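Okay, query_21.txt is below, compact mmCIF, C-alpha atoms:
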```txt
# COMPACT_ATOMS: atom_id res chain seq x y z
CA MET A 1 -23.82 -9.29 7.34
CA ALA A 2 -22.07 -8.54 4.06
CA VAL A 3 -18.51 -7.21 4.03
CA ILE A 4 -17.03 -5.58 0.94
CA GLY A 5 -13.32 -6.36 1.05
CA SER A 6 -11.39 -9.31 2.47
CA GLY A 7 -8.51 -7.41 4.07
CA SER A 8 -9.32 -5.80 7.40
CA GLY A 9 -12.97 -6.49 6.64
CA ASN A 10 -12.33 -10.21 6.94
CA VAL A 11 -12.00 -9.96 10.73
CA VAL A 12 -15.12 -7.94 11.54
CA ILE A 13 -17.50 -10.87 11.15
CA PRO A 14 -17.90 -12.54 14.56
CA ASP A 15 -17.23 -16.26 14.80
CA TYR A 16 -20.43 -16.70 16.81
CA ARG A 17 -23.33 -15.43 14.73
CA ASP A 18 -26.30 -17.29 16.25
CA GLY A 19 -27.20 -18.84 12.92
CA ARG A 20 -27.05 -15.58 10.97
CA GLN A 21 -25.51 -15.66 7.49
CA ALA A 22 -22.40 -13.77 6.51
CA ALA A 23 -20.66 -13.00 3.24
CA VAL A 24 -17.36 -11.46 2.14
CA ILE A 25 -17.03 -9.86 -1.30
CA GLU A 26 -13.59 -9.50 -2.88
CA SER A 27 -12.68 -8.21 -6.35
CA ARG A 28 -8.95 -9.01 -6.18
CA THR A 29 -6.83 -11.46 -4.18
CA PHE A 30 -8.17 -12.68 -0.84
CA GLY A 31 -6.49 -10.96 2.11
CA GLY A 32 -6.42 -7.44 0.72
CA THR A 33 -3.43 -5.10 0.72
CA CYS A 34 -1.84 -6.26 3.97
CA ILE A 35 -1.24 -9.86 2.96
CA ASN A 36 -0.65 -9.40 -0.75
CA ARG A 37 0.82 -5.94 -1.41
CA GLY A 38 1.56 -4.32 1.93
CA CYS A 39 2.41 -5.25 5.49
CA ILE A 40 3.53 -8.87 5.21
CA PRO A 41 5.65 -8.77 2.02
CA SER A 42 7.20 -5.39 2.83
CA LYS A 43 8.19 -6.46 6.35
CA MET A 44 9.73 -9.64 4.95
CA LEU A 45 11.86 -7.41 2.75
CA VAL A 46 12.71 -5.19 5.72
CA HIS A 47 14.01 -8.26 7.56
CA THR A 48 16.02 -9.28 4.49
CA ALA A 49 17.52 -5.79 4.40
CA ALA A 50 18.46 -6.10 8.07
CA VAL A 51 20.27 -9.37 7.36
CA ALA A 52 22.24 -7.71 4.53
CA LEU A 53 23.16 -4.78 6.77
CA ASN A 54 24.26 -7.09 9.59
CA VAL A 55 26.60 -8.89 7.23
CA ARG A 56 28.10 -5.60 6.10
CA ARG A 57 28.53 -4.47 9.71
CA ALA A 58 29.76 -7.80 11.06
CA ALA A 59 33.23 -6.37 11.71
CA ASP A 60 31.68 -4.07 14.33
CA PHE A 61 31.05 -7.24 16.35
CA GLY A 62 34.44 -8.80 15.74
CA ILE A 63 33.19 -11.10 13.00
CA GLU A 64 34.76 -11.33 9.59
CA ALA A 65 32.08 -11.51 6.88
CA GLU A 66 31.47 -10.21 3.38
CA LEU A 67 28.27 -9.67 1.42
CA ALA A 68 29.33 -11.40 -1.77
CA SER A 69 26.11 -10.94 -3.74
CA VAL A 70 22.35 -10.41 -3.53
CA ASP A 71 20.06 -12.94 -5.22
CA TRP A 72 16.97 -10.80 -5.80
CA ALA A 73 15.12 -13.61 -7.59
CA ALA A 74 15.47 -15.85 -4.52
CA ILE A 75 14.43 -13.02 -2.20
CA ARG A 76 11.34 -12.31 -4.27
CA GLN A 77 10.42 -16.00 -4.53
CA ARG A 78 10.62 -16.41 -0.75
CA VAL A 79 8.24 -13.50 -0.24
CA MET A 80 5.85 -14.68 -2.97
CA ALA A 81 5.66 -18.17 -1.50
CA ARG A 82 4.90 -16.82 1.96
CA ILE A 83 2.13 -14.44 0.97
CA GLY A 84 0.59 -17.07 -1.30
CA ALA A 85 0.42 -19.45 1.63
CA ALA A 86 -0.94 -16.71 3.91
CA SER A 87 -3.69 -15.80 1.45
CA THR A 88 -4.69 -19.43 0.96
CA SER A 89 -4.61 -20.35 4.65
CA GLY A 90 -6.51 -17.19 5.55
CA ARG A 91 -9.20 -17.96 3.04
CA GLN A 92 -9.53 -21.59 4.06
CA GLY A 93 -9.13 -21.05 7.79
CA ARG A 94 -11.39 -18.04 8.11
CA ILE A 95 -13.94 -18.32 5.31
CA GLU A 96 -14.46 -22.05 4.96
CA SER A 97 -14.26 -23.09 8.61
CA ALA A 98 -16.53 -20.24 9.72
CA HIS A 99 -19.03 -20.99 6.95
CA ILE A 100 -18.76 -17.51 5.51
CA ARG A 101 -19.71 -17.28 1.87
CA LEU A 102 -17.11 -15.68 -0.41
CA PHE A 103 -18.23 -13.83 -3.52
CA GLU A 104 -15.51 -12.96 -6.01
CA GLY A 105 -16.29 -9.80 -7.96
CA ARG A 106 -16.94 -6.06 -7.65
CA ALA A 107 -19.82 -4.95 -5.46
CA ARG A 108 -21.87 -1.77 -5.70
CA PHE A 109 -24.92 -0.48 -3.90
CA VAL A 110 -28.26 -0.48 -5.67
CA GLY A 111 -30.23 0.50 -2.56
CA PRO A 112 -29.77 1.32 1.14
CA LEU A 113 -28.95 -2.28 2.15
CA GLU A 114 -28.74 -3.91 -1.27
CA LEU A 115 -25.71 -4.87 -3.31
CA VAL A 116 -25.12 -6.27 -6.76
CA ILE A 117 -21.90 -8.12 -7.62
CA ASP A 118 -20.60 -7.81 -11.19
CA ASP A 119 -24.12 -6.89 -12.32
CA ASP A 120 -25.03 -10.53 -11.74
CA VAL A 121 -25.49 -11.56 -8.09
CA HIS A 122 -27.92 -9.59 -5.90
CA ILE A 123 -27.44 -9.49 -2.11
CA GLU A 124 -29.54 -7.98 0.67
CA ALA A 125 -28.15 -7.72 4.20
CA ASP A 126 -29.15 -6.33 7.58
CA GLN A 127 -25.64 -4.97 8.01
CA ILE A 128 -23.04 -4.01 5.41
CA VAL A 129 -19.42 -3.12 6.09
CA ILE A 130 -17.38 -1.19 3.51
CA ALA A 131 -13.75 -2.28 3.86
CA THR A 132 -12.43 -1.63 0.38
CA GLY A 133 -9.05 -0.22 1.45
CA GLY A 134 -7.01 2.07 -0.75
CA HIS A 135 -4.60 2.30 -3.67
CA PRO A 136 -1.45 4.29 -4.42
CA SER A 137 -1.97 7.93 -5.37
CA VAL A 138 0.01 9.00 -8.46
CA PRO A 139 0.56 12.71 -9.30
CA ASP A 140 -0.74 13.86 -12.67
CA VAL A 141 2.75 14.94 -13.73
CA VAL A 142 3.79 11.28 -13.58
CA GLU A 143 0.51 9.74 -14.73
CA ASN A 144 0.43 11.88 -17.86
CA ALA A 145 4.11 11.49 -18.73
CA GLY A 146 3.64 8.20 -20.55
CA ILE A 147 6.60 6.52 -18.84
CA ASP A 148 6.96 3.32 -16.84
CA PHE A 149 6.91 3.68 -13.07
CA HIS A 150 6.26 1.56 -9.99
CA THR A 151 4.21 1.95 -6.81
CA SER A 152 4.21 -0.01 -3.57
CA ASP A 153 1.82 -2.44 -5.30
CA THR A 154 4.40 -3.44 -7.90
CA VAL A 155 7.94 -2.56 -6.83
CA MET A 156 8.34 -5.67 -4.68
CA TRP A 157 7.88 -7.87 -7.74
CA ILE A 158 10.38 -6.32 -10.17
CA ASP A 159 12.45 -8.83 -12.14
CA LYS A 160 15.86 -7.53 -11.11
CA LEU A 161 17.40 -4.96 -8.81
CA PRO A 162 18.10 -1.64 -10.53
CA ALA A 163 21.42 0.12 -10.08
CA SER A 164 19.58 3.26 -8.96
CA MET A 165 16.08 4.30 -7.98
CA VAL A 166 14.29 7.66 -7.80
CA ILE A 167 11.57 7.71 -5.14
CA LEU A 168 8.91 10.40 -5.20
CA GLY A 169 7.58 10.98 -1.69
CA GLY A 170 9.06 11.17 1.78
CA GLY A 171 6.58 9.35 3.99
CA SER A 172 6.76 5.96 5.65
CA VAL A 173 6.30 3.97 2.42
CA ALA A 174 9.05 5.93 0.66
CA ALA A 175 11.41 5.59 3.63
CA GLU A 176 10.73 1.88 4.03
CA PHE A 177 11.49 1.02 0.41
CA ALA A 178 14.49 3.33 0.37
CA HIS A 179 15.85 1.39 3.35
CA VAL A 180 15.14 -1.99 1.75
CA PHE A 181 16.64 -1.30 -1.66
CA SER A 182 19.61 0.73 -0.43
CA SER A 183 20.50 -2.14 1.92
CA LEU A 184 20.55 -4.43 -1.11
CA GLY A 185 22.94 -2.13 -2.98
CA VAL A 186 20.62 0.19 -4.93
CA GLN A 187 21.55 3.89 -5.11
CA ILE A 188 18.61 5.90 -3.76
CA HIS A 189 17.44 9.40 -4.74
CA ILE A 190 14.44 10.80 -2.85
CA VAL A 191 12.35 13.77 -3.97
CA THR A 192 9.76 15.15 -1.54
CA LYS A 193 7.82 18.38 -1.09
CA ALA A 194 8.39 18.22 2.66
CA SER A 195 11.38 19.68 4.49
CA THR A 196 11.98 16.39 6.36
CA LEU A 197 11.21 12.71 5.82
CA VAL A 198 8.38 10.91 7.66
CA GLU A 199 7.08 14.31 8.72
CA THR A 200 3.84 12.89 10.14
CA LEU A 201 5.85 11.40 13.00
CA ASP A 202 7.10 13.31 16.02
CA ALA A 203 9.05 16.37 14.81
CA GLU A 204 12.30 15.36 16.52
CA ILE A 205 12.10 11.80 15.18
CA SER A 206 11.48 13.16 11.69
CA ARG A 207 14.39 15.60 11.95
CA ARG A 208 16.85 13.04 13.35
CA PHE A 209 15.84 10.35 10.87
CA THR A 210 16.32 12.77 7.97
CA ALA A 211 19.77 13.75 9.26
CA LYS A 212 20.72 10.09 9.73
CA VAL A 213 19.89 8.98 6.19
CA ALA A 214 21.15 12.13 4.49
CA GLY A 215 24.58 10.53 4.34
CA GLU A 216 23.23 7.34 2.80
CA TRP A 217 20.58 8.57 0.35
CA ASP A 218 20.54 11.49 -2.08
CA LEU A 219 17.80 13.72 -0.64
CA HIS A 220 15.97 16.49 -2.51
CA LEU A 221 13.79 18.13 0.13
CA ASP A 222 11.27 20.92 -0.49
CA GLY A 223 11.22 19.82 -4.10
CA SER A 224 8.33 19.81 -6.57
CA VAL A 225 8.36 17.76 -9.78
CA THR A 226 7.79 19.74 -12.97
CA GLY A 227 8.36 16.97 -15.48
CA VAL A 228 9.25 13.31 -15.91
CA GLN A 229 10.74 11.65 -18.97
CA ARG A 230 12.64 8.56 -20.01
CA GLY A 231 16.24 9.02 -21.01
CA PRO A 232 18.90 6.69 -22.40
CA THR A 233 19.88 5.46 -18.92
CA GLY A 234 16.52 5.50 -17.14
CA ILE A 235 14.01 7.99 -15.76
CA SER A 236 14.79 11.71 -15.38
CA VAL A 237 12.79 13.85 -12.96
CA ASN A 238 12.88 17.63 -13.37
CA LEU A 239 12.56 19.74 -10.21
CA ASP A 240 11.23 23.25 -9.76
CA ASP A 241 14.65 24.48 -8.63
CA GLY A 242 16.15 23.57 -12.02
CA ASN A 243 17.85 20.38 -10.85
CA ARG A 244 17.33 17.00 -12.49
CA VAL A 245 17.39 13.63 -10.72
CA SER A 246 17.88 10.43 -12.71
CA GLY A 247 17.59 6.75 -11.90
CA GLU A 248 17.09 3.41 -13.57
CA LEU A 249 13.68 2.94 -11.91
CA LEU A 250 11.00 5.36 -10.65
CA LEU A 251 9.01 4.53 -7.51
CA VAL A 252 6.00 6.73 -6.75
CA ALA A 253 5.23 6.74 -3.01
CA THR A 254 3.20 9.92 -2.65
CA GLY A 255 0.33 8.60 -0.54
CA ARG A 256 -2.81 6.56 -1.01
CA LYS A 257 -6.43 7.14 -1.96
CA PRO A 258 -9.49 5.21 -0.74
CA ASN A 259 -11.12 2.67 -3.05
CA THR A 260 -14.58 4.22 -3.03
CA ASP A 261 -15.16 4.95 -6.72
CA GLY A 262 -17.91 2.97 -8.41
CA LEU A 263 -19.55 1.76 -5.19
CA GLY A 264 -22.85 3.52 -5.84
CA LEU A 265 -22.65 5.17 -2.42
CA GLU A 266 -25.28 7.77 -3.25
CA LEU A 267 -27.87 5.00 -3.72
CA ALA A 268 -27.27 3.95 -0.11
CA GLY A 269 -27.48 7.47 1.30
CA ILE A 270 -23.74 7.59 2.02
CA THR A 271 -21.80 10.86 1.91
CA ARG A 272 -18.33 10.88 0.37
CA ARG A 273 -15.82 13.71 0.67
CA ASN A 274 -13.98 15.18 -2.33
CA ASP A 275 -10.88 13.17 -1.36
CA GLY A 276 -12.88 9.94 -1.61
CA HIS A 277 -13.21 9.24 2.11
CA ILE A 278 -16.60 8.15 3.40
CA VAL A 279 -18.08 10.32 6.13
CA ILE A 280 -18.87 8.34 9.30
CA ASP A 281 -20.14 9.06 12.80
CA HIS A 282 -18.36 8.28 16.08
CA TYR A 283 -19.37 4.61 15.74
CA GLY A 284 -17.96 4.22 12.25
CA ARG A 285 -21.44 4.27 10.74
CA ALA A 286 -21.92 5.77 7.27
CA ALA A 287 -25.69 5.21 7.02
CA PRO A 288 -28.27 3.14 8.91
CA GLY A 289 -26.95 -0.44 8.96
CA ILE A 290 -23.80 0.48 7.01
CA TRP A 291 -20.31 0.92 8.46
CA ALA A 292 -17.01 1.88 6.84
CA LEU A 293 -13.43 1.10 7.79
CA ALA A 294 -10.07 2.11 6.33
CA THR A 295 -11.81 4.32 3.77
CA SER A 296 -13.54 6.71 6.14
CA ALA A 297 -13.16 9.94 8.04
CA HIS A 298 -15.08 11.53 10.88
CA PRO A 299 -16.74 14.78 9.85
CA SER A 300 -14.38 16.72 12.14
CA ASN A 301 -11.28 15.33 10.37
```
Spell out the structure here as structure tokens.
Amino acid sequence: MAVIGSGSGNVVIPDYRDGRQAAVIESRTFGGTCINRGCIPSKMLVHTAAVALNVRRAADFGIEAELASVDWAAIRQRVMARIGAASTSGRQGRIESAHIRLFEGRARFVGPLELVIDDDVHIEADQIVIATGGHPSVPDVVENAGIDFHTSDTVMWIDKLPASMVILGGGSVAAEFAHVFSSLGVQIHIVTKASTLVETLDAEISRRFTAKVAGEWDLHLDGSVTGVQRGPTGISVNLDDGNRVSGELLLVATGRKPNTDGLGLELAGITRRNDGHIVIDHYGRAAPGIWALATSAHPSN
């Protein structure tokens, strides 16, 4: 079995393989998005935000306390150290102890069950799993503006906390980072096309959450971005209603796209939708002997 991607794909190889060989192929850092750029570091920041909020609200519990300052460099270092250890231990514990071979490089199909890695190493396998994950989706109006911006991949590693932040998007990623940075003292402005935040959740939860944070964050709902530019004090975002929102830093949290470009899927007989998702059957199979996770969609979806 060959697995493309060491995030969720790392766990699909069974420990007991009856002597059969297995390989994991990774083009970036071992552990994928969850360990390095997603779940683990973001939830460490969420916990840090909770600590800061508890200090601020200590008087509610009859405790006198004051949040004197926030040492962002120390917060970031703590997170970096943890995910570095998690990536290393995951690689050593899973790959080395299970005798799974790790290939570092980009894989692409050159046949139905054949892969080449960095145009150098050729692999054939009875089973191949595509677990290449996704990446942040950035609107053209931002991409083509020629200004600096951050996504969920980079915003956790900024050098210092900004005084203010404009967040494009109103989903779970946008809400999570708004919570984290506002708890650490950053002024938050959110711009979203939706009429409520986290609208993919239950309608009442979405409505109540939006009402709750409306007093804490500057919300621009039902808003479309018509232009983005850098000004003397930061980034300015022009809205279709004529308003302008400005902040020291711009975070784009408008969704994610699957990492399926450049895989040579057509050479393996795999169908890919216009949005980049791989078409699978009810068993997660994209073609005979080939499965896809985290980058796939059933034909009915």
Legend entry - Among listed residues A:Ser182, A:Ser42, A:Ser172, A:Gln127, nearest Ala292 in chain A (using only C-alpha atoms): A:Gln127
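Distance-wise, CA of Ala52 in chain A and CA of Asp153 in chain A end up 23.3 Å apart.
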Each residue of range 135-200 of chain A lying at most 10 Å from range 251-275 of chain A should get a row with its shortest atom-to-atom pair and the distance in Å to one decimal, counting all atoms listed in the file; could you produce that, ordered by chain and increasing number, as CSV?
```
residue,atom,partner,partner_atom,distance
A:His135,CA,A:Arg256,CA,5.3
A:Pro136,CA,A:Arg256,CA,4.3
A:Ser137,CA,A:Arg256,CA,4.6
A:Val138,CA,A:Val252,CA,6.6
A:Pro139,CA,A:Thr254,CA,7.7
A:Val142,CA,A:Val252,CA,8.5
A:Asp148,CA,A:Leu251,CA,9.6
A:Phe149,CA,A:Leu251,CA,6.0
A:His150,CA,A:Leu251,CA,4.7
A:Thr151,CA,A:Val252,CA,5.1
A:Ser152,CA,A:Ala253,CA,6.8
A:Thr154,CA,A:Leu251,CA,9.2
A:Val155,CA,A:Leu251,CA,7.2
A:Met165,CA,A:Leu251,CA,7.1
A:Val166,CA,A:Leu251,CA,6.1
A:Ile167,CA,A:Leu251,CA,4.7
A:Leu168,CA,A:Val252,CA,4.9
A:Gly169,CA,A:Thr254,CA,4.6
A:Gly170,CA,A:Thr254,CA,7.5
A:Gly171,CA,A:Thr254,CA,7.5
A:Ser172,CA,A:Ala253,CA,8.8
A:Val173,CA,A:Ala253,CA,6.2
A:Ala174,CA,A:Ala253,CA,5.4
A:Ala175,CA,A:Ala253,CA,9.1
A:Phe177,CA,A:Leu251,CA,9.0
A:Ala178,CA,A:Leu251,CA,9.7
A:Ile190,CA,A:Leu251,CA,9.5
A:Val191,CA,A:Val252,CA,9.9
A:Thr192,CA,A:Thr254,CA,8.5
A:Lys193,CA,A:Thr254,CA,9.8
```
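Atom to atom, CA of Asn238 in chain A and CA of Gly223 in chain A stand 9.7 Å apart.
In this model, the gap between CA of Pro14 in chain A and CA of Gly31 in chain A comes to 17.0 Å.
For the set A:Gly133, A:Ile63, A:Val11, A:Ile95, the residue with the smallest atom-to-atom gap to Arg28 in chain A is A:Gly133, counting only C-alpha atoms.
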Legend entry - Contacts of range 69-71 of chain A within 10 Å, all atoms listed in the file, excl. fewer than 4 positions in-chain, as JSON, numbers by chain: {"A": [52, 75, 76, 160, 161, 184, 185]}
Legend entry - Spatial neighbours of Asp222 in chain A, max dist 10 Å, only C-alpha atoms, sep filter under 2 positions, as a PyMOL selection string: chain A and resi 191-196+219-220+224+239-241
Inset, instruction - Dump as a list in words all residues having an atom at most 8 Å from (-31.8, -4.4, 6.0), computed in the file's coordinates with only C-alpha atoms. - result: Pro112, Leu113, Glu114, Glu124, Ala125, Asp126, Gln127 and Gly289 of chain A
Inset, instruction - Take the point (-5.0, -11.2, -3.9) in the file's coordinates, draw a sphere of radius 10 Å around it, and report as a VMD selection string every protein, DNA or RNA residue with an atom inside or on it, counting only C-alpha atoms. - result: chain A and resid 6 to 7 26 to 37 83 to 84 87 to 88
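Using all atoms listed in the file, the shortest contact distance between Asp119 in chain A and any of A:Ile280, A:Ala49, A:Ala107, A:Leu250 is found at A:Ala107.
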Inset, instruction - Go through A:Ile117, A:Met80, A:Ala50, A:Ala73 one by one, measure the shortest atom-to-atom distance of each to Val24 in chain A using all atoms listed in the file, and give the residue with the smallest value. - result: A:Ile117
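Compared by their closest atoms to Gly146 in chain A, and using all atoms listed in the file, the residues A:Val79, A:Met44, A:Ile235, A:Val180 rank with A:Ile235 nearest.
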